[in-house]
>>> print(open('input-v1.pdb').read())   # PDB, C-alpha atoms
MODEL        1
ATOM      1  CA  MET L   1      -2.206 -34.978   9.115
ATOM      2  CA  PRO L   2      -0.792 -35.767   5.701
ATOM      3  CA  PRO L   3       2.962 -36.221   5.464
ATOM      4  CA  PHE L   4       3.258 -32.944   3.537
ATOM      5  CA  LEU L   5       0.906 -30.024   2.922
ATOM      6  CA  PRO L   6       1.527 -28.976  -0.674
ATOM      7  CA  GLU L   7       0.766 -25.506  -1.935
ATOM      8  CA  SER L   8       0.026 -26.733  -5.444
ATOM      9  CA  GLU L   9      -0.919 -29.824  -7.366
ATOM     10  CA  GLU L  10       2.591 -29.998  -8.802
ATOM     11  CA  GLN L  11       4.148 -30.056  -5.322
ATOM     12  CA  PHE L  12       1.722 -32.783  -4.322
ATOM     13  CA  ILE L  13       2.595 -34.918  -7.364
ATOM     14  CA  GLU L  14       6.319 -34.431  -6.728
ATOM     15  CA  HIS L  15       6.021 -35.415  -3.088
ATOM     16  CA  VAL L  16       3.857 -38.467  -3.809
ATOM     17  CA  SER L  17       6.313 -39.552  -6.511
ATOM     18  CA  ALA L  18       9.264 -39.118  -4.161
ATOM     19  CA  TYR L  19       7.617 -40.754  -1.107
ATOM     20  CA  PRO L  20       5.008 -43.246  -2.341
ATOM     21  CA  GLN L  21       5.201 -45.507   0.734
ATOM     22  CA  VAL L  22       4.612 -42.621   3.122
ATOM     23  CA  TRP L  23       1.564 -41.538   1.149
ATOM     24  CA  TYR L  24       0.314 -45.096   0.850
ATOM     25  CA  HIS L  25       0.428 -45.537   4.635
ATOM     26  CA  TYR L  26      -1.215 -42.152   5.133
ATOM     27  CA  CYS L  27      -4.065 -43.003   2.734
ATOM     28  CA  GLN L  28      -4.490 -46.409   4.326
ATOM     29  CA  ALA L  29      -4.663 -44.893   7.835
ATOM     30  CA  ALA L  30      -7.058 -42.182   6.645
ATOM     31  CA  TYR L  31      -9.344 -44.782   5.066
ATOM     32  CA  LEU L  32      -9.409 -46.868   8.263
ATOM     33  CA  TYR L  33     -10.107 -43.757  10.344
ATOM     34  CA  ILE L  34     -12.994 -42.724   8.085
ATOM     35  CA  GLU L  35     -14.399 -46.249   8.048
ATOM     36  CA  LYS L  36     -14.234 -46.505  11.843
ATOM     37  CA  HIS L  37     -15.775 -43.110  12.494
ATOM     38  CA  GLY L  38     -18.311 -43.473   9.709
ATOM     39  CA  ASN L  39     -19.677 -46.569  11.444
ATOM     40  CA  THR L  40     -19.701 -44.718  14.755
ATOM     41  CA  LEU L  41     -21.656 -41.899  13.143
ATOM     42  CA  LYS L  42     -24.217 -44.356  11.769
ATOM     43  CA  GLU L  43     -24.619 -45.866  15.247
ATOM     44  CA  LEU L  44     -25.060 -42.418  16.792
ATOM     45  CA  VAL L  45     -27.710 -41.463  14.227
ATOM     46  CA  LYS L  46     -29.627 -44.677  14.994
ATOM     47  CA  GLU L  47     -29.327 -44.041  18.743
ATOM     48  CA  ALA L  48     -30.554 -40.444  18.325
ATOM     49  CA  ALA L  49     -33.599 -41.694  16.380
ATOM     50  CA  ARG L  50     -34.315 -44.270  19.080
ATOM     51  CA  LEU L  51     -34.045 -41.625  21.799
ATOM     52  CA  ARG L  52     -36.358 -39.260  19.893
ATOM     53  CA  THR L  53     -38.946 -42.035  19.695
ATOM     54  CA  GLN L  54     -38.525 -42.790  23.382
ATOM     55  CA  LEU L  55     -38.901 -39.086  24.220
ATOM     56  CA  SER L  56     -42.118 -38.860  22.190
ATOM     57  CA  GLU L  57     -43.507 -41.910  23.968
ATOM     58  CA  SER L  58     -42.546 -40.483  27.367
ATOM     59  CA  LYS L  59     -44.205 -37.160  26.540
ATOM     60  CA  GLU L  60     -47.385 -38.983  25.549
ATOM     61  CA  GLN L  61     -47.329 -41.011  28.768
ATOM     62  CA  LEU L  62     -46.824 -37.826  30.794
ATOM     63  CA  ARG L  63     -49.711 -36.122  29.007
ATOM     64  CA  ALA L  64     -51.975 -39.103  29.702
ATOM     65  CA  ALA L  65     -50.884 -39.208  33.360
ATOM     66  CA  ASN L  66     -51.600 -35.477  33.721
ATOM     67  CA  LEU L  67     -55.080 -35.993  32.264
ATOM     68  CA  ASP L  68     -55.749 -38.874  34.664
ATOM     69  CA  ASN L  69     -54.411 -36.783  37.543
ATOM     70  CA  GLY L  70     -56.753 -33.923  36.602
ATOM     71  CA  LYS L  71     -59.724 -36.287  36.456
ATOM     72  CA  LEU L  72     -58.870 -37.764  39.856
ATOM     73  CA  ARG L  73     -58.467 -34.286  41.378
ATOM     74  CA  SER L  74     -61.883 -33.350  40.006
ATOM     75  CA  ILE L  75     -63.410 -36.440  41.604
ATOM     76  CA  ILE L  76     -61.700 -35.710  44.941
ATOM     77  CA  GLU L  77     -62.852 -32.092  44.884
ATOM     78  CA  PHE L  78     -66.390 -33.146  44.054
TER
ENDMDL
END
>>> encode(input="input-v1.pdb", output="structure tokens")
Amino acid sequence: MPPFLPESEEQFIEHVSAYPQVWYHYCQAAYLYIEKHGNTLKELVKEAARLRTQLSESKEQLRAANLDNGKLRSIIEF
């Protein structure tokens, strides 16, 4: 949370002028938080794409196995 939640731009400017160090530390912490979680988000998006690909491959393998199973059942029944 910011050090102060202003109701107007004027209040914000006054507070930043009166407490520049507090706002500097807040902005610095916010930037680091965004940078850290932005990288995490990128990693999660990559992982989701990898899992979607893996799921598609697994579905294709299952479909092929079901076809083979059907063929083998036909042979056994014959």
>>> atom_distance(input="input-v1.pdb", atom1="atom CA of His25 of chain L", atom2="atom CA of Phe4 of chain L")
13.0 Å
>>> atom_distance(input="input-v1.pdb", atom1="atom CA of Asn69 of chain L", atom2="atom CA of Ser56 of chain L")
19.8 Å
>>> atom_distance(input="input-v1.pdb", atom1="atom CA of Ala65 of chain L", atom2="atom CA of Lys46 of chain L")
28.6 Å
>>> residues_around(input="input-v1.pdb", residues="segment 27-37 of chain L", least_positions_apart="6", cutoff="12 Å", atoms="all atoms listed in the file", output="list in words")
Met1, Pro2, Pro3, Val16, Pro20, Gln21, Glu43 and Leu44 of chain L
>>> write_last_selection(input="input-v1.pdb", atoms="C-alpha atoms", output="PDB file, keeping the file's coordinate frame")
ATOM      1  CA  MET L   1      -2.206 -34.978   9.115  1.00  0.00           C
ATOM      2  CA  PRO L   2      -0.792 -35.767   5.701  1.00  0.00           C
ATOM      3  CA  PRO L   3       2.962 -36.221   5.464  1.00  0.00           C
ATOM      4  CA  VAL L  16       3.857 -38.467  -3.809  1.00  0.00           C
ATOM      5  CA  PRO L  20       5.008 -43.246  -2.341  1.00  0.00           C
ATOM      6  CA  GLN L  21       5.201 -45.507   0.734  1.00  0.00           C
ATOM      7  CA  GLU L  43     -24.619 -45.866  15.247  1.00  0.00           C
ATOM      8  CA  LEU L  44     -25.060 -42.418  16.792  1.00  0.00           C
TER       9      LEU L  44
END
